[in-house]
Amino acid sequence: MKTLFQTKLATPLIALLLIAGSAVATRAQDSRLQLNGLDHLTAKASQSVDVNIDEKLIRIALKVFSDNDPEEREVKKVVAGIKGIYVKRFEFETDGQYTAADMETIRTQLRGPGWTRLVNVRSQKEGNLEVYLLMNGETVGGLTVLSSDLRELTVVNIVGPVDLDKLAKLEGQFGIPELDIAPAKPKSKNDEK
Amino acid sequence: MSYVKSSAALALVLLLASHVVHAKGDDFNSVVKMIEQFYGVKHVGIPFLAKAGMKVARTAARIKGGEAKRIAEAGSIKLAVFENQDFNGEFTKFRSTLNAALNQTWSPLVQTLSATDGEQVYIFMREAGEKFNVLVITIAQRDATVVQVTLSPKNLALLMKDPEGTGKAITEEATIIDQE
């Protein structure tokens, strides 16, 4: 004979567990990071920049960027498939305005399933650079760059299929700062003038 | 009696609903009012002739790439200026309030804040048929401007490529036109 638990509660409980499980699995593969743990630094920063290019804005970018302009055509190729670009950058007038705990709010998320650290450069002179890639099976699900020195902290979080070459092409576009993590880009005609 | 009460309640609900729809439809004025309430300031009225001048005035703004051209669509500029008033601190609270008010209809593109200089720049955008509305809010320690313009897809591409530079150029363009 079935108990009350087995007949009345077991089915909804199992359904609930399945829903919760799939939600966790979905979250594990989502490369969008929560960056608002750094928001309190805004009050200390000599300058803070917050860039939010969500999927809707990416779709608009694909629509408004021209195929006739070589630079825009290239950016269109790069952002096709990307679901979001999020940047937080803080510049400070004095050293030590952000702490290891602030960095941990980001690194903790990057220890989640699928994330791999590709680059980890530590330099007293040049600052620190970490690049993380999220793999969803065989495909790249996202990329995060953590760049920091004594007076600067930058987080770039790109959601969707992207690699370092693509990121290099996005530097200087959409408010993404120049991070110098890829080989130098060839000089454009404008630069030479 | 109960009929009167329920009719009055219904009328009140309809009135409030129409107010909410109106507020959504005119976010420029809502933002101006929000700044006035938050900082206890008043914007400067723009003379009628200056408004008319905006529609025909030609101006140039230097944007990324060095090319000088007009950015906003003719006649699309809405401008509110706050002069020589105090915009003291609390900008993280102001940013939260602003984002909460606009996030239903506008996408926040770039937000730049400077605690040391007391400067805040917010750039929002939304689709408007084939074109795009852009809202640029610039707040300094003593002055502020709220500018809403309509951009062509081509100029929106410029904004997306260089949000800070083009946002600044939009504000400059609006204020230059205002002075002409």
# chains A, B, ... in the order shown; residues from 1 in each chain; ligands from 1
call {"tool": "closest_atom_pairs", "arguments": {"of": "chain B", "to": "chain A", "cutoff": "7 Å", "atoms": "only C-alpha atoms", "output": "CSV"}}
result
residue,atom,partner,partner_atom,distance
B:Pro108,CA,A:Asn52,CA,6.3
B:Leu109,CA,A:Asn52,CA,5.2
B:Val110,CA,A:Val51,CA,4.5
B:Gln111,CA,A:Asp50,CA,5.0
B:Thr112,CA,A:Val49,CA,4.4
B:Leu113,CA,A:Ser48,CA,5.2
B:Ser114,CA,A:Gln47,CA,4.2
B:Ala115,CA,A:Ser46,CA,5.4
B:Thr116,CA,A:Ser46,CA,5.0
B:Pro153,CA,A:Val64,CA,4.9
B:Lys154,CA,A:Val64,CA,6.1
B:Leu156,CA,A:Val64,CA,7.0
B:Ala157,CA,A:Phe65,CA,5.6
B:Met160,CA,A:Phe174,CA,5.2
B:Lys161,CA,A:Gln173,CA,4.6
B:Asp162,CA,A:Phe174,CA,6.0
B:Pro163,CA,A:Gly175,CA,6.1
call {"tool": "select_by_dssp", "arguments": {"residues": "stretch 52-100 of chain A", "states": "strand (DSSP E or B)", "output": "count of residues only"}}
result
10
call {"tool": "residues_around", "arguments": {"residues": "B:Trp106", "least_positions_apart": "3", "cutoff": "9 Å", "atoms": "only C-alpha atoms", "output": "ChimeraX atom specification"}}
result
/B:99,102-103,124-127,133-135
call {"tool": "atom_distance", "arguments": {"atom1": "atom CA of A:Asn36", "atom2": "atom CA of A:Asp102"}}
result
10.4 Å
call {"tool": "select_by_dssp", "arguments": {"residues": "stretch 15-190 of chain A", "states": "alpha helix (DSSP H)", "output": "PyMOL selection string"}}
result
chain A and resi 15-29+55-64+70-79+100-110+164-170+189-190
call {"tool": "atom_distance", "arguments": {"atom1": "atom CA of B:Ile137", "atom2": "atom CA of A:Arg151"}}
result
27.0 Å
call {"tool": "residues_around", "arguments": {"residues": "B:Val149", "least_positions_apart": "6", "cutoff": "10 Å", "atoms": "only C-alpha atoms", "output": "NGL selection string"}}
result
:B and (71-79 or 125 or 132-136 or 170-171 or 174)
call {"tool": "write_last_selection", "arguments": {"atoms": "C-alpha atoms", "output": "PDB file, in the first residue's frame"}}
result
ATOM      1  CA  ILE B  71      24.466  63.369 -35.702  1.00  0.00           C
ATOM      2  CA  ALA B  72      20.873  63.895 -34.591  1.00  0.00           C
ATOM      3  CA  GLU B  73      18.000  63.744 -37.040  1.00  0.00           C
ATOM      4  CA  ALA B  74      16.711  67.225 -37.852  1.00  0.00           C
ATOM      5  CA  GLY B  75      14.081  68.448 -35.411  1.00  0.00           C
ATOM      6  CA  SER B  76      14.464  65.481 -33.095  1.00  0.00           C
ATOM      7  CA  ILE B  77      16.383  67.155 -30.277  1.00  0.00           C
ATOM      8  CA  LYS B  78      14.811  67.481 -26.853  1.00  0.00           C
ATOM      9  CA  LEU B  79      17.031  69.362 -24.437  1.00  0.00           C
ATOM     10  CA  MET B 125      18.750  53.843 -26.336  1.00  0.00           C
ATOM     11  CA  PHE B 132      16.525  54.944 -32.748  1.00  0.00           C
ATOM     12  CA  ASN B 133      15.990  57.220 -29.772  1.00  0.00           C
ATOM     13  CA  VAL B 134      19.033  57.994 -27.682  1.00  0.00           C
ATOM     14  CA  LEU B 135      18.903  59.614 -24.261  1.00  0.00           C
ATOM     15  CA  VAL B 136      22.102  61.189 -22.941  1.00  0.00           C
ATOM     16  CA  ILE B 170      25.367  64.406 -29.186  1.00  0.00           C
ATOM     17  CA  THR B 171      25.268  66.587 -26.058  1.00  0.00           C
ATOM     18  CA  ALA B 174      22.313  69.779 -28.825  1.00  0.00           C
TER      19      ALA B 174
END
call {"tool": "residues_around", "arguments": {"residues": "B:Gln141", "least_positions_apart": "5", "cutoff": "8 Å", "atoms": "only C-alpha atoms", "output": "ChimeraX atom specification"}}
result
/B:85-88,117-119
call {"tool": "atom_distance", "arguments": {"atom1": "atom CA of A:Leu134", "atom2": "atom CA of A:Asp149"}}
result
24.2 Å
